[in-house]
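Just below is one structure, and these are the notes that go with it.
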Amino acid sequence: MDYRTGVISSLAEVGEAAWDALLAAQEPGRAPNPFLSYAFLHALHESGSACAETGWQPQFLVLWDGESLAAAMPLYVKSHSYGEYVFDWAWADAYHRNGIEYYPKLLSAIPFTPVCGPRLLARDAQARQALLAFLLEQQQAAGMSSTHILFPPEEHAALLQDAGFMLRSGVQFHWLNQDYPDFEAFLATLEHKKRKNIRAERRKVGEAGVTLRQLRGSEIGEADWRFFHRCYANTYAEHRSSPYLNLDFFLRIGQGMPQNILLVLAERAGRPIAASLVIHTPDTLYGRYWGALEHVPCLHFETAYYQPLEFCIANGIAVFEGGAQGEHKMARGFLPQKTWSAHWLAHPAFADAIERFLARESGGIDTYLDELNERNPFK
């Protein structure tokens with residue numbers, strides 16, 4: 001088909017209705033990925049959290065069939081590798097040591113969000129192939145060092161590999177709901193020691209005088225958002241780092257996608273001391289952000305794991321994606337899952353060297369997965 005192609009710097013050029021309609025067509029029978037929604041992405045850009053000034057210049061690819069949006073791809077020009085969770089700092093260093101520029105590069109990902117989801121958004125297979133062809137044209141014409149597509153679904157990774165991209169694998173930890181009637185039924189499936197440890201952790205929080213409240217998006221007021229952002233920023237400060245997301249971003253998603261938001265507040269003596277924020281659909285819950293103003297042993301596990309697990313069980317949510325890294329999640333019932341990224345490098349010698357590196361790394365990832373699966377936390 002004769003699609004009209006374009007590159008846009010703001011989702012406002014497409015509009016919320018057209019963008020979200022395309023997103024809804026990606027996985028029939030499943031709720032759309034909330035991190036790809038207009039509300040989430042536009043909030044990142046309009047709040048100044050992910051924009052050209054912070055090293056995330058939007059350059060989204062779009063294909064139109066007449067007045068209908070047929071395909072699109074979230075794409076950024078990156079001047080660094082922060083906020084990606086697929087680490088290529090060593091590649092950038094190798095370029096630098098050889099006097100070759102690695103930045104800027106092209107990146108398709110959700111900023112600061114290591115969540116799997118479609119990156120080649122299309123209404124059908126034909127439009128997806130046309131979008132992929134447009135991407136290949138753009139990366140050749142842009143004159144940048146490389147293109148990186150992070151956390152695509154496996155079927156999109158296969159398409160990218162067929163188009164000349166190199167695949168890289170990684171590991172995340174996900175909890176799978178086995179239709180548990182309650183939290184105790186879930187605990188009963190774990191090994192005795194792990195079950196005992198979880199109960200002890202939850203007991204410590206209660207003995208510290210902490211109570212928990214779960215607030216759905218529509219119940220979260222501005223004061224709650226301001227408190228949560230204090231907790232979030234404090235966590236970064238304790239690690240001597242700067243937070244990626246500002247208060248304006250959180251206020252925007254609170255208004256734009258309340259149906260996808262759960263805020264867990266921890267309180268003691270009538271005042272809040274910690275909070276965690278998770279994003280969810282009817283199918284999947286995604287652990288995202290946590291922070292505290294006071295230290296209470298095991299409070300992180302209660303607010304960021306056990307409360308969301310109870311929410312999943314109560315609402316029949318099938319999967320809890322725990323985010324990047326964290327073998328400690330296995331002791332709490334999470335299991336390892338393979339993730340993917342796809343990479344194209346313009347420099348032939350570096351492309352060859354990285355292809356050989358990825359082949360070795362892939363074998364190591366497979367061995368690591370085997371070792372993790374041998375430590376299955378269930379009976």
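Residue numbering restarts at 1 in every chain; chains get A, B, ... in the order shown in the structure tokens, and ligands count up from 1 in that same order.
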Which residues are close to region 262-275 of chain A, i.e. within 6 Å by only C-alpha atoms, leaving aside same-chain residues fewer than 5 positions away? Reply as a PyMOL selection string. chain A and resi 209-217+228+290-294
Could the residues in this selection be saved with C-alpha atoms as a short mmCIF file (atom, residue, chain, number, x, y, z; two decimals), in the first residue's frame?
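Resulting contents of part-v9.cif:
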```cif
data_model
loop_
_atom_site.label_atom_id
_atom_site.label_comp_id
_atom_site.auth_asym_id
_atom_site.auth_seq_id
_atom_site.Cartn_x
_atom_site.Cartn_y
_atom_site.Cartn_z
CA GLY A 209 2.92 -0.01 64.16
CA VAL A 210 2.62 0.44 60.39
CA THR A 211 -0.71 0.12 58.61
CA LEU A 212 -1.25 -0.02 54.85
CA ARG A 213 -3.83 1.59 52.57
CA GLN A 214 -4.43 0.88 48.89
CA LEU A 215 -5.67 3.86 46.85
CA ARG A 216 -7.03 3.46 43.32
CA GLY A 217 -6.20 6.19 40.85
CA PHE A 228 4.58 10.01 46.96
CA TRP A 290 8.89 3.03 45.82
CA GLY A 291 10.17 5.40 48.45
CA ALA A 292 10.17 6.07 52.21
CA LEU A 293 10.84 8.94 54.58
CA GLU A 294 11.55 6.66 57.52
#
```
Please identify all polymer residues within 9 Å of Gln255 (chain A), counting only C-alpha atoms, omitting same-chain residues fewer than 3 positions from it, and present them as a PyMOL selection string. chain A and resi 39+217-218+250-252+258
Could you write out the selected residues, including C-alpha atoms, as a PDB file, in the first residue's frame?
```pdb
ATOM      1  CA  ALA A  39      -1.546   9.532  28.528  1.00  0.00           C
ATOM      2  CA  GLY A 217      -6.201   6.190  40.850  1.00  0.00           C
ATOM      3  CA  SER A 218      -9.447   8.131  41.274  1.00  0.00           C
ATOM      4  CA  PHE A 250       2.873  12.004  38.251  1.00  0.00           C
ATOM      5  CA  LEU A 251       0.071  14.564  38.415  1.00  0.00           C
ATOM      6  CA  ARG A 252      -0.483  14.160  34.676  1.00  0.00           C
ATOM      7  CA  PRO A 258      -6.366   6.767  36.828  1.00  0.00           C
TER       8      PRO A 258
END
```
I'd like to know which residues of region 130-246 of chain A are alpha helix (DSSP H) (by DSSP, run on the backbone); could you write them as an MDAnalysis selection string? chainID A and resid 130:142 154:162 183:187 192:207 222:238
Contacts between region 67-84 of chain A and region 220-283 of chain A, please, where a residue of region 220-283 of chain A counts if it comes within 12 Å (with only C-alpha atoms); show its shortest atom pair and distance in Å to one decimal, rows by chain and ascending number, as CSV.
```
residue,atom,partner,partner_atom,distance
A:Ser241,CA,A:Tyr82,CA,11.7
A:Ser242,CA,A:Tyr82,CA,11.3
A:Pro243,CA,A:Gly83,CA,10.2
A:Tyr244,CA,A:Gly83,CA,7.8
A:Leu245,CA,A:Gly83,CA,10.6
```
Output for the residues just chosen: C-alpha atoms as a PDB file, in the first residue's frame:
```
ATOM      1  CA  SER A 241      21.305  10.157  42.262  1.00  0.00           C
ATOM      2  CA  SER A 242      18.743  12.429  40.616  1.00  0.00           C
ATOM      3  CA  PRO A 243      15.197  11.237  39.927  1.00  0.00           C
ATOM      4  CA  TYR A 244      14.158  10.853  36.299  1.00  0.00           C
ATOM      5  CA  LEU A 245      10.516  11.829  36.850  1.00  0.00           C
TER       6      LEU A 245
END
```
Nearest residue to Gly143 (chain A) from the set A:Glu302, A:Trp340, A:Arg202, A:His347 (distances using only C-alpha atoms): A:His347
Do you have, as a Markdown table, the list of residues of region 215-320 of chain A lying at most 9 Å from region 171-195 of chain A, each with its nearest atom pair and that distance in Å to one decimal, counting only C-alpha atoms and ordered by chain then number?
```
| residue | atom | partner | partner_atom | distance |
| --- | --- | --- | --- | --- |
| A:Tyr306 | CA | A:Phe183 | CA | 8.7 |
| A:Leu309 | CA | A:Phe183 | CA | 7.6 |
| A:Glu310 | CA | A:Phe183 | CA | 6.0 |
| A:Cys312 | CA | A:Asn177 | CA | 7.6 |
| A:Ile313 | CA | A:Tyr180 | CA | 6.2 |
| A:Ala314 | CA | A:Asp182 | CA | 7.2 |
| A:Gly316 | CA | A:Asp179 | CA | 7.0 |
| A:Ile317 | CA | A:Asn177 | CA | 7.0 |
| A:Ala318 | CA | A:Asn177 | CA | 4.9 |
| A:Val319 | CA | A:Leu176 | CA | 4.8 |
| A:Phe320 | CA | A:Trp175 | CA | 4.9 |
```
Limited to N, CA, C and O atoms, could you put the picked residues into a file as a PDB file, in the first residue's frame?
```
ATOM      1  N   TYR A 306       4.154  -7.398  48.680  1.00  0.00           N
ATOM      2  CA  TYR A 306       3.060  -8.163  49.273  1.00  0.00           C
ATOM      3  C   TYR A 306       1.703  -7.472  49.090  1.00  0.00           C
ATOM      4  O   TYR A 306       0.700  -8.138  48.812  1.00  0.00           O
ATOM      5  N   LEU A 309       0.768  -8.016  45.484  1.00  0.00           N
ATOM      6  CA  LEU A 309       0.377  -9.411  45.291  1.00  0.00           C
ATOM      7  C   LEU A 309      -1.039  -9.641  45.793  1.00  0.00           C
ATOM      8  O   LEU A 309      -1.842 -10.321  45.127  1.00  0.00           O
ATOM      9  N   GLU A 310      -1.379  -9.080  46.933  1.00  0.00           N
ATOM     10  CA  GLU A 310      -2.741  -9.206  47.431  1.00  0.00           C
ATOM     11  C   GLU A 310      -3.734  -8.564  46.466  1.00  0.00           C
ATOM     12  O   GLU A 310      -4.830  -9.090  46.254  1.00  0.00           O
ATOM     13  N   CYS A 312      -3.354  -8.289  43.198  1.00  0.00           N
ATOM     14  CA  CYS A 312      -3.471  -9.201  42.055  1.00  0.00           C
ATOM     15  C   CYS A 312      -4.435 -10.348  42.362  1.00  0.00           C
ATOM     16  O   CYS A 312      -5.296 -10.686  41.545  1.00  0.00           O
ATOM     17  N   ILE A 313      -4.278 -10.943  43.526  1.00  0.00           N
ATOM     18  CA  ILE A 313      -5.123 -12.079  43.897  1.00  0.00           C
ATOM     19  C   ILE A 313      -6.581 -11.646  44.019  1.00  0.00           C
ATOM     20  O   ILE A 313      -7.489 -12.316  43.518  1.00  0.00           O
ATOM     21  N   ALA A 314      -6.813 -10.509  44.658  1.00  0.00           N
ATOM     22  CA  ALA A 314      -8.182 -10.032  44.863  1.00  0.00           C
ATOM     23  C   ALA A 314      -8.865  -9.653  43.558  1.00  0.00           C
ATOM     24  O   ALA A 314     -10.097  -9.754  43.444  1.00  0.00           O
ATOM     25  N   GLY A 316      -7.915 -10.868  40.372  1.00  0.00           N
ATOM     26  CA  GLY A 316      -7.742 -11.846  39.309  1.00  0.00           C
ATOM     27  C   GLY A 316      -6.739 -11.442  38.255  1.00  0.00           C
ATOM     28  O   GLY A 316      -6.855 -11.836  37.088  1.00  0.00           O
ATOM     29  N   ILE A 317      -5.731 -10.669  38.641  1.00  0.00           N
ATOM     30  CA  ILE A 317      -4.688 -10.244  37.696  1.00  0.00           C
ATOM     31  C   ILE A 317      -3.689 -11.382  37.532  1.00  0.00           C
ATOM     32  O   ILE A 317      -3.176 -11.918  38.512  1.00  0.00           O
ATOM     33  N   ALA A 318      -3.415 -11.751  36.275  1.00  0.00           N
ATOM     34  CA  ALA A 318      -2.681 -12.991  35.995  1.00  0.00           C
ATOM     35  C   ALA A 318      -1.178 -12.886  36.223  1.00  0.00           C
ATOM     36  O   ALA A 318      -0.547 -13.873  36.604  1.00  0.00           O
ATOM     37  N   VAL A 319      -0.585 -11.707  35.977  1.00  0.00           N
ATOM     38  CA  VAL A 319       0.877 -11.582  35.999  1.00  0.00           C
ATOM     39  C   VAL A 319       1.269 -10.324  36.752  1.00  0.00           C
ATOM     40  O   VAL A 319       0.657  -9.265  36.580  1.00  0.00           O
ATOM     41  N   PHE A 320       2.296 -10.444  37.575  1.00  0.00           N
ATOM     42  CA  PHE A 320       2.922  -9.305  38.246  1.00  0.00           C
ATOM     43  C   PHE A 320       4.352  -9.243  37.735  1.00  0.00           C
ATOM     44  O   PHE A 320       5.175 -10.092  38.050  1.00  0.00           O
TER      45      PHE A 320
END
```
Go ahead and compute the interatomic distance for CA of Pro153 (chain A) and CA of Leu372 (chain A), in Å to one decimal. 21.7 Å
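The two atoms in question, CA of Ala208 (chain A) and CA of Cys231 (chain A), are spaced 18.9 Å apart.
Nearest residue to Gln129 (chain A), choosing from A:Arg240, A:Asn197, A:Ala163, A:Ser169 and counting only C-alpha atoms: A:Ala163.
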Fewer than 4 positions away in the same chain doesn't count, so skip those; otherwise give me all residues within 7 Å of Leu22 (chain A), counting only C-alpha atoms, as a compact mmCIF listing (two decimals) with C-alpha atoms, in the first residue's frame.
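Result went into out16.txt, see below:
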```
# COMPACT_ATOMS: atom_id res chain seq x y z
CA ALA A 18 -5.87 7.91 16.90
CA LEU A 69 -3.06 5.88 11.52
CA ALA A 122 0.58 -1.61 13.47
CA ARG A 123 -3.01 -2.42 12.56
```
Near Leu247 (chain A), counting only C-alpha atoms, which residues have an atom at most 8 Å away, once you skip same-chain residues fewer than 5 positions from it, shown as a PyMOL selection string? chain A and resi 225-226+229
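Residue nearest Glu238 (chain A), chosen from A:Arg332, A:Arg30, A:His295, A:Lys204 and counting only C-alpha atoms: A:His295.
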10 Å contact set for Leu358 (chain A), only C-alpha atoms, chain neighbours under 3 positions out, as a VMD selection string: chain A and resid 166 to 169 352 to 355 361 to 364
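The residue that comes closest to Pro28 (chain A), out of A:Leu107, A:Asp124, A:Asp65, A:Ala233 and on the basis of only C-alpha atoms, is A:Asp124.
Minimum distance to Leu131 (chain A) across A:Arg4, A:Lys379, A:His239, A:Arg199 (counting only C-alpha atoms) occurs at A:Arg4.
Distance-wise, CA of Ile100 (chain A) and CA of Ser145 (chain A) end up 8.9 Å apart.
Of the residues listed (A:Gln139, A:Asn373, A:Asn260, A:Asn33), A:Gln139 shows the shortest atom-to-atom separation from Leu61 (chain A); distances use only C-alpha atoms.
Residues lying within 10 Å of Phe35 (chain A), counting only C-alpha atoms and ignoring same-chain neighbours fewer than 3 positions away, are Pro32, Tyr38, Ala39, Phe40, Leu41, Ile110, Pro111, Thr113, Val115, Cys116, Gly117, Asn260, Ile279, His280 and Tyr286 of chain A.
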For the selection just defined, write its residues with N, CA and C atoms to a file, as an mmCIF file, in the first residue's frame.
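Output contents, as saved in part39.cif:
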```cif
data_model
loop_
_atom_site.group_PDB
_atom_site.id
_atom_site.type_symbol
_atom_site.label_atom_id
_atom_site.label_comp_id
_atom_site.auth_asym_id
_atom_site.auth_seq_id
_atom_site.Cartn_x
_atom_site.Cartn_y
_atom_site.Cartn_z
ATOM 1 N N PRO A 32 -4.766 -2.842 26.457
ATOM 2 C CA PRO A 32 -3.571 -2.206 25.883
ATOM 3 C C PRO A 32 -2.497 -1.974 26.938
ATOM 4 N N TYR A 38 -1.228 7.044 25.126
ATOM 5 C CA TYR A 38 -1.025 8.475 24.896
ATOM 6 C C TYR A 38 -0.805 9.185 26.227
ATOM 7 N N ALA A 39 -1.617 8.841 27.244
ATOM 8 C CA ALA A 39 -1.546 9.532 28.528
ATOM 9 C C ALA A 39 -0.165 9.398 29.153
ATOM 10 N N PHE A 40 0.407 8.185 29.122
ATOM 11 C CA PHE A 40 1.706 7.965 29.761
ATOM 12 C C PHE A 40 2.829 8.627 28.971
ATOM 13 N N LEU A 41 2.896 8.363 27.677
ATOM 14 C CA LEU A 41 3.987 8.912 26.870
ATOM 15 C C LEU A 41 3.917 10.438 26.793
ATOM 16 N N ILE A 110 10.334 2.605 26.134
ATOM 17 C CA ILE A 110 9.565 3.489 26.993
ATOM 18 C C ILE A 110 10.553 4.096 27.979
ATOM 19 N N PRO A 111 10.718 5.413 27.987
ATOM 20 C CA PRO A 111 11.729 6.012 28.859
ATOM 21 C C PRO A 111 11.592 5.574 30.315
ATOM 22 N N THR A 113 11.555 2.807 31.754
ATOM 23 C CA THR A 113 10.537 1.790 32.013
ATOM 24 C C THR A 113 10.930 0.463 31.366
ATOM 25 N N VAL A 115 9.772 -2.410 30.666
ATOM 26 C CA VAL A 115 8.559 -3.222 30.529
ATOM 27 C C VAL A 115 8.444 -3.709 29.098
ATOM 28 N N CYS A 116 8.178 -5.008 28.936
ATOM 29 C CA CYS A 116 8.004 -5.564 27.600
ATOM 30 C C CYS A 116 6.692 -5.077 26.986
ATOM 31 N N GLY A 117 6.719 -4.886 25.681
ATOM 32 C CA GLY A 117 5.521 -4.461 24.969
ATOM 33 C C GLY A 117 5.836 -4.207 23.517
ATOM 34 N N ASN A 260 -5.494 2.865 35.669
ATOM 35 C CA ASN A 260 -4.320 1.985 35.639
ATOM 36 C C ASN A 260 -3.416 2.131 36.857
ATOM 37 N N ILE A 279 1.444 0.169 38.320
ATOM 38 C CA ILE A 279 0.573 0.380 37.163
ATOM 39 C C ILE A 279 -0.036 -0.975 36.822
ATOM 40 N N HIS A 280 -1.309 -0.988 36.441
ATOM 41 C CA HIS A 280 -1.937 -2.281 36.185
ATOM 42 C C HIS A 280 -3.006 -2.175 35.102
ATOM 43 N N TYR A 286 2.331 -4.068 37.068
ATOM 44 C CA TYR A 286 3.740 -3.741 36.870
ATOM 45 C C TYR A 286 4.262 -2.991 38.096
#
```
I need the strand (DSSP E) residues of region 109-211 of chain A per DSSP on the backbone, written as a PyMOL selection string. chain A and resi 121-122+146-150+166-176+210-211
